[in-house]
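Engineer: Take a look at entry.cif, mmCIF, C-alpha atoms:
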data_model
#
loop_
_atom_site.label_atom_id
_atom_site.label_comp_id
_atom_site.auth_asym_id
_atom_site.auth_seq_id
_atom_site.Cartn_x
_atom_site.Cartn_y
_atom_site.Cartn_z
CA THR A 1 -18.70 -35.31 6.92
CA ARG A 2 -17.06 -33.71 3.94
CA ASN A 3 -13.42 -32.64 4.01
CA ARG A 4 -12.13 -30.24 1.40
CA LEU A 5 -8.79 -28.85 0.34
CA VAL A 6 -9.55 -26.35 -2.40
CA LEU A 7 -6.85 -24.40 -4.20
CA LEU A 8 -8.20 -21.53 -6.26
CA ALA A 9 -6.08 -19.79 -8.85
CA GLY A 10 -6.29 -16.14 -9.78
CA MET A 11 -4.26 -13.50 -11.53
CA GLY A 12 -4.51 -9.73 -11.77
CA VAL A 13 -2.61 -7.16 -13.82
CA GLU A 14 -2.61 -3.37 -13.87
CA PHE A 15 -1.01 -0.92 -16.29
CA ALA A 16 -0.64 2.65 -15.06
CA THR A 17 -0.61 5.49 -17.59
CA ARG A 18 0.97 8.93 -17.26
CA GLN A 19 -2.42 10.64 -16.95
CA GLN A 20 -3.37 9.32 -13.46
CA THR A 21 -5.34 6.43 -14.94
CA SER A 22 -4.80 2.70 -15.17
CA PHE A 23 -6.08 -0.30 -17.07
CA TYR A 24 -6.63 -3.49 -15.09
CA GLY A 25 -7.72 -7.07 -15.54
CA ASN A 26 -8.36 -10.04 -13.27
CA VAL A 27 -9.28 -13.66 -13.71
CA SER A 28 -10.00 -16.03 -10.84
CA GLN A 29 -11.61 -19.35 -10.09
CA SER A 30 -14.63 -19.43 -7.81
CA PHE A 31 -15.95 -22.04 -5.43
CA ARG A 32 -19.21 -22.42 -3.50
CA PRO A 33 -19.40 -25.38 -1.12
CA VAL A 34 -22.57 -27.36 -0.60
CA THR A 35 -24.19 -26.00 2.57
CA PHE A 36 -25.60 -27.99 5.47
CA SER A 37 -29.15 -26.94 4.57
CA GLU A 38 -28.69 -28.31 1.04
CA LEU A 39 -27.54 -31.67 2.45
CA THR A 40 -30.51 -31.87 4.83
CA PRO A 41 -33.94 -32.88 3.51
CA SER A 42 -36.58 -30.26 4.34
CA ALA A 43 -39.37 -32.88 4.27
CA LEU A 44 -39.82 -36.64 4.33
CA THR A 45 -40.65 -36.53 0.63
CA GLU A 46 -37.30 -34.97 -0.38
CA VAL A 47 -34.25 -36.94 -1.49
CA ILE A 48 -30.72 -35.52 -1.62
CA ASP A 49 -28.47 -36.72 -4.43
CA PRO A 50 -25.61 -38.67 -2.76
CA ASN A 51 -23.33 -37.33 -5.53
CA LEU A 52 -24.21 -33.65 -4.82
CA LYS A 53 -21.10 -31.62 -5.64
CA ASP A 54 -19.79 -28.18 -4.74
CA SER A 55 -20.43 -25.44 -7.29
CA ARG A 56 -17.52 -23.99 -9.24
CA GLY A 57 -16.88 -21.34 -11.82
CA TYR A 58 -14.68 -18.42 -12.76
CA ASN A 59 -14.78 -14.64 -12.94
CA ILE A 60 -13.11 -12.25 -15.41
CA ASP A 61 -13.08 -8.46 -15.22
CA LEU A 62 -11.40 -5.77 -17.31
CA GLY A 63 -11.49 -2.08 -16.56
CA TRP A 64 -10.19 1.48 -16.72
CA ARG A 65 -10.01 3.74 -13.67
CA GLY A 66 -8.37 6.91 -12.50
CA ARG A 67 -8.82 10.59 -11.91
CA TRP A 68 -9.00 13.66 -14.07
CA ASP A 69 -7.28 16.74 -12.73
CA ASP A 70 -8.16 17.01 -9.04
CA PHE A 71 -11.94 16.92 -9.20
CA LEU A 72 -13.11 13.78 -11.07
CA VAL A 73 -12.70 10.09 -10.13
CA PHE A 74 -13.98 7.27 -12.37
CA ASP A 75 -14.01 3.50 -12.84
CA LEU A 76 -15.46 1.63 -15.82
CA SER A 77 -15.35 -2.17 -15.94
CA PHE A 78 -16.62 -5.17 -17.86
CA TYR A 79 -17.13 -8.55 -16.15
CA HIS A 80 -18.13 -12.12 -16.88
CA LEU A 81 -19.08 -14.70 -14.22
CA GLN A 82 -19.57 -18.38 -15.03
CA TYR A 83 -21.43 -20.40 -12.35
CA GLU A 84 -21.37 -24.18 -12.85
CA GLY A 85 -23.13 -26.89 -10.85
CA ARG A 86 -25.99 -24.80 -9.47
CA ILE A 87 -28.09 -26.71 -6.99
CA GLY A 88 -31.80 -27.17 -7.59
CA ALA A 89 -34.58 -29.71 -7.27
CA TYR A 90 -37.14 -31.45 -9.45
CA LEU A 91 -39.77 -34.21 -9.06
CA LYS A 92 -38.35 -37.69 -9.58
CA ASP A 93 -40.53 -40.74 -8.83
CA SER A 94 -43.04 -38.48 -7.00
CA VAL A 95 -40.44 -37.08 -4.59
CA LEU A 96 -38.41 -33.87 -4.70
CA PHE A 97 -34.84 -34.69 -5.81
CA ARG A 98 -32.11 -32.13 -4.97
CA THR A 99 -29.01 -32.25 -7.16
CA ASN A 100 -26.59 -30.20 -9.28
CA ILE A 101 -29.05 -29.15 -11.92
CA GLY A 102 -27.66 -26.35 -14.06
CA ASN A 103 -25.26 -23.61 -15.02
CA SER A 104 -25.57 -19.86 -15.44
CA SER A 105 -23.61 -17.04 -16.99
CA SER A 106 -23.57 -13.35 -16.00
CA THR A 107 -22.04 -10.61 -18.12
CA GLY A 108 -22.15 -6.90 -17.43
CA ILE A 109 -20.73 -3.42 -17.25
CA GLU A 110 -20.25 -1.36 -14.10
CA SER A 111 -19.37 2.33 -13.89
CA PHE A 112 -18.63 4.84 -11.16
CA ILE A 113 -18.01 8.57 -11.42
CA GLU A 114 -17.59 11.20 -8.71
CA VAL A 115 -17.22 14.94 -9.27
CA ASP A 116 -15.94 17.32 -6.60
CA PHE A 117 -17.65 20.58 -7.57
CA THR A 118 -15.74 22.56 -4.95
CA LYS A 119 -12.38 21.67 -6.49
CA MET A 120 -13.74 22.05 -10.02
CA LEU A 121 -15.38 25.49 -9.61
CA TRP A 122 -13.91 27.14 -6.52
CA LYS A 123 -10.42 25.73 -6.28
CA GLN A 124 -8.88 29.05 -5.22
CA VAL A 125 -11.53 29.90 -2.61
CA SER A 126 -10.58 28.69 0.87
CA GLY A 127 -13.13 27.67 3.47
CA MET A 128 -15.70 26.42 0.92
CA PRO A 129 -17.53 23.22 1.90
CA SER A 130 -16.73 20.14 -0.16
CA ILE A 131 -19.61 19.30 -2.53
CA LYS A 132 -19.33 15.91 -4.25
CA VAL A 133 -21.84 14.14 -6.51
CA PHE A 134 -21.49 10.50 -7.54
CA ALA A 135 -23.23 8.03 -9.84
CA SER A 136 -22.78 4.27 -9.81
CA ASN A 137 -24.51 2.32 -12.59
CA ALA A 138 -24.50 -1.31 -13.63
CA TRP A 139 -26.00 -3.35 -16.45
CA ASN A 140 -26.15 -7.11 -15.88
CA ARG A 141 -27.25 -9.93 -18.16
CA SER A 142 -27.63 -13.15 -16.14
CA ARG A 143 -29.05 -16.20 -17.92
CA TYR A 144 -29.30 -19.91 -17.31
CA THR A 145 -27.12 -21.72 -19.85
CA SER A 146 -28.44 -25.16 -18.85
CA TRP A 147 -31.05 -26.61 -16.49
CA ASP A 148 -31.21 -30.40 -16.42
CA ASN A 149 -34.75 -31.02 -15.21
CA PRO A 150 -36.06 -34.01 -17.22
CA ALA A 151 -39.68 -32.92 -16.70
CA ILE A 152 -39.20 -29.63 -18.59
CA ALA A 153 -36.00 -30.13 -20.61
CA ASN A 154 -37.80 -30.91 -23.87
CA ASP A 155 -40.63 -28.41 -23.47
CA PRO A 156 -39.57 -24.95 -24.72
CA ALA A 157 -42.55 -23.35 -22.95
CA LYS A 158 -41.40 -24.62 -19.53
CA SER A 159 -37.61 -24.81 -19.91
CA ILE A 160 -35.64 -22.10 -18.13
CA LYS A 161 -32.55 -22.45 -20.32
CA GLY A 162 -31.82 -18.98 -21.66
CA LYS A 163 -34.11 -17.30 -19.14
CA ARG A 164 -33.09 -14.71 -16.55
CA VAL A 165 -31.54 -15.76 -13.24
CA GLU A 166 -33.64 -14.79 -10.23
CA ASN A 167 -32.33 -12.11 -7.81
CA ALA A 168 -30.04 -10.69 -10.51
CA PRO A 169 -31.44 -7.28 -11.56
CA GLU A 170 -30.70 -6.12 -15.07
CA TYR A 171 -30.00 -2.52 -14.02
CA ILE A 172 -28.74 -1.00 -10.77
CA HIS A 173 -28.45 2.78 -10.39
CA ARG A 174 -27.15 4.64 -7.33
CA PHE A 175 -26.73 8.39 -7.05
CA GLY A 176 -25.54 10.46 -4.14
CA LEU A 177 -24.43 13.81 -2.83
CA SER A 178 -22.00 14.47 -0.01
CA LEU A 179 -21.33 17.75 1.75
CA LYS A 180 -18.40 18.27 4.06
CA LYS A 181 -17.41 21.45 5.86
CA LYS A 182 -13.97 21.73 7.33
CA LYS A 183 -13.76 22.92 10.90
CA LYS A 184 -11.79 26.09 11.42
CA LYS A 185 -8.73 25.63 13.55
CA LYS A 186 -8.88 27.49 16.83
CA LYS A 187 -6.03 29.88 17.47
CA LYS A 188 -4.09 29.19 20.61
CA HIS A 189 -3.43 32.18 22.87
CA THR A 190 -0.22 32.25 24.87
#
Would it be possible to restate this file's structure as structure tokens?

Structural biologist:
Amino acid sequence: TRNRLVLLAGMGVEFATRQQTSFYGNVSQSFRPVTFSELTPSALTEVIDPNLKDSRGYNIDLGWRGRWDDFLVFDLSFYHLQYEGRIGAYLKDSVLFRTNIGNSSSTGIESFIEVDFTKMLWKQVSGMPSIKVFASNAWNRSRYTSWDNPAIANDPAKSIKGKRVENAPEYIHRFGLSLKKKKKKKKKHT
């Protein structure tokens, strides 16, 4: 049994400009508890560190968002995520030993833009369908900053310190198109 009382601090600020845009920033602590599966050996040859701790970290993001005229919406942000106390396993005395083994750092830029071509090109024409195009793009650099596996710590060919974090793609691109036609209101006859 593990009981926890975790208080996480965070703060966000936003500064609105006169041009329908705003600058924003946030900083917050993060927490990832040890899960039941991580506390349970998956085989008889696996040992769980009795001092296994919850993972912690923090997140910072800074950005600029808003709209231009009536047809363009955008958001551009920079972020940094620090993940400390990652859980992993290595061979110790011929058995798999699961413990807090390393830290990682992720830094990136995310952007979103959406253009309403109907409002941009045919603002005065009524009854036109709404035609919107959007693009969402992200660049992410996630690397291990430490990995305390004694078997590979002193071997630069095997060490994962400085290498990419798995399941963290470097680029993500999403594009889309939406069409919407307004229904004409039926006239009521009396």

Engineer: Can you check which parts of stretch 66-146 of chain A lie within 9 Å of stretch 45-55 of chain A? Per residue, the shortest pair of atoms and distance in Å to one decimal, counting all atoms listed in the file, sorted by chain and number, as JSON lines.

Structural biologist:
{"residue": "A:Tyr83", "atom": "CA", "partner": "A:Ser55", "partner_atom": "CA", "distance": 7.2}
{"residue": "A:Glu84", "atom": "CA", "partner": "A:Ser55", "partner_atom": "CA", "distance": 5.8}
{"residue": "A:Gly85", "atom": "CA", "partner": "A:Ser55", "partner_atom": "CA", "distance": 4.7}
{"residue": "A:Arg86", "atom": "CA", "partner": "A:Ser55", "partner_atom": "CA", "distance": 6.0}
{"residue": "A:Ile87", "atom": "CA", "partner": "A:Ser55", "partner_atom": "CA", "distance": 7.8}
{"residue": "A:Ala89", "atom": "CA", "partner": "A:Ile48", "partner_atom": "CA", "distance": 9.0}
{"residue": "A:Ser94", "atom": "CA", "partner": "A:Thr45", "partner_atom": "CA", "distance": 8.2}
{"residue": "A:Val95", "atom": "CA", "partner": "A:Thr45", "partner_atom": "CA", "distance": 5.3}
{"residue": "A:Leu96", "atom": "CA", "partner": "A:Glu46", "partner_atom": "CA", "distance": 4.6}
{"residue": "A:Phe97", "atom": "CA", "partner": "A:Val47", "partner_atom": "CA", "distance": 4.9}
{"residue": "A:Arg98", "atom": "CA", "partner": "A:Ile48", "partner_atom": "CA", "distance": 5.0}
{"residue": "A:Thr99", "atom": "CA", "partner": "A:Asp49", "partner_atom": "CA", "distance": 5.3}
{"residue": "A:Asn100", "atom": "CA", "partner": "A:Leu52", "partner_atom": "CA", "distance": 6.1}

Engineer: Restrict the selected residues to C-alpha atoms and save them as a short mmCIF file (atom, residue, chain, number, x, y, z; two decimals), in the coordinates of the input.

Structural biologist:
data_model
loop_
_atom_site.label_atom_id
_atom_site.label_comp_id
_atom_site.auth_asym_id
_atom_site.auth_seq_id
_atom_site.Cartn_x
_atom_site.Cartn_y
_atom_site.Cartn_z
CA TYR A 83 -21.43 -20.40 -12.35
CA GLU A 84 -21.37 -24.18 -12.85
CA GLY A 85 -23.13 -26.89 -10.85
CA ARG A 86 -25.99 -24.80 -9.47
CA ILE A 87 -28.09 -26.71 -6.99
CA ALA A 89 -34.58 -29.71 -7.27
CA SER A 94 -43.04 -38.48 -7.00
CA VAL A 95 -40.44 -37.08 -4.59
CA LEU A 96 -38.41 -33.87 -4.70
CA PHE A 97 -34.84 -34.69 -5.81
CA ARG A 98 -32.11 -32.13 -4.97
CA THR A 99 -29.01 -32.25 -7.16
CA ASN A 100 -26.59 -30.20 -9.28
#

Engineer: So that all listed atoms of stretch 76-84 of chain A fit with 3 Å spare on each side, what axis-aligned box centre and edge lengths in Å, to one decimal, would you give as lines of an AutoDock Vina configuration file?

Structural biologist:
center_x = -18.4
center_y = -11.3
center_z = -15.1
size_x = 12.1
size_y = 31.8
size_z = 11.5

Engineer: Using all atoms listed in the file for the distances, tell me which of A:Leu177, A:Ala135, A:Leu62, A:Leu39 is nearest to A:Glu14.

Structural biologist: A:Leu62

Engineer: How far is it from atom CA of A:Phe78 to atom CA of A:Glu110, in Å with one decimal?

Structural biologist: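 Result for atom CA of A:Phe78 versus atom CA of A:Glu110: 6.5 Å, one decimal.
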
Engineer: Once the PyMOL selection byres ((chain A and resi 159-175) around 7) is applied to the coordinates I shared, what remains selected? I want it as an MDAnalysis selection string.

Structural biologist: chainID A and resid 134:147 152:153 155:158 176
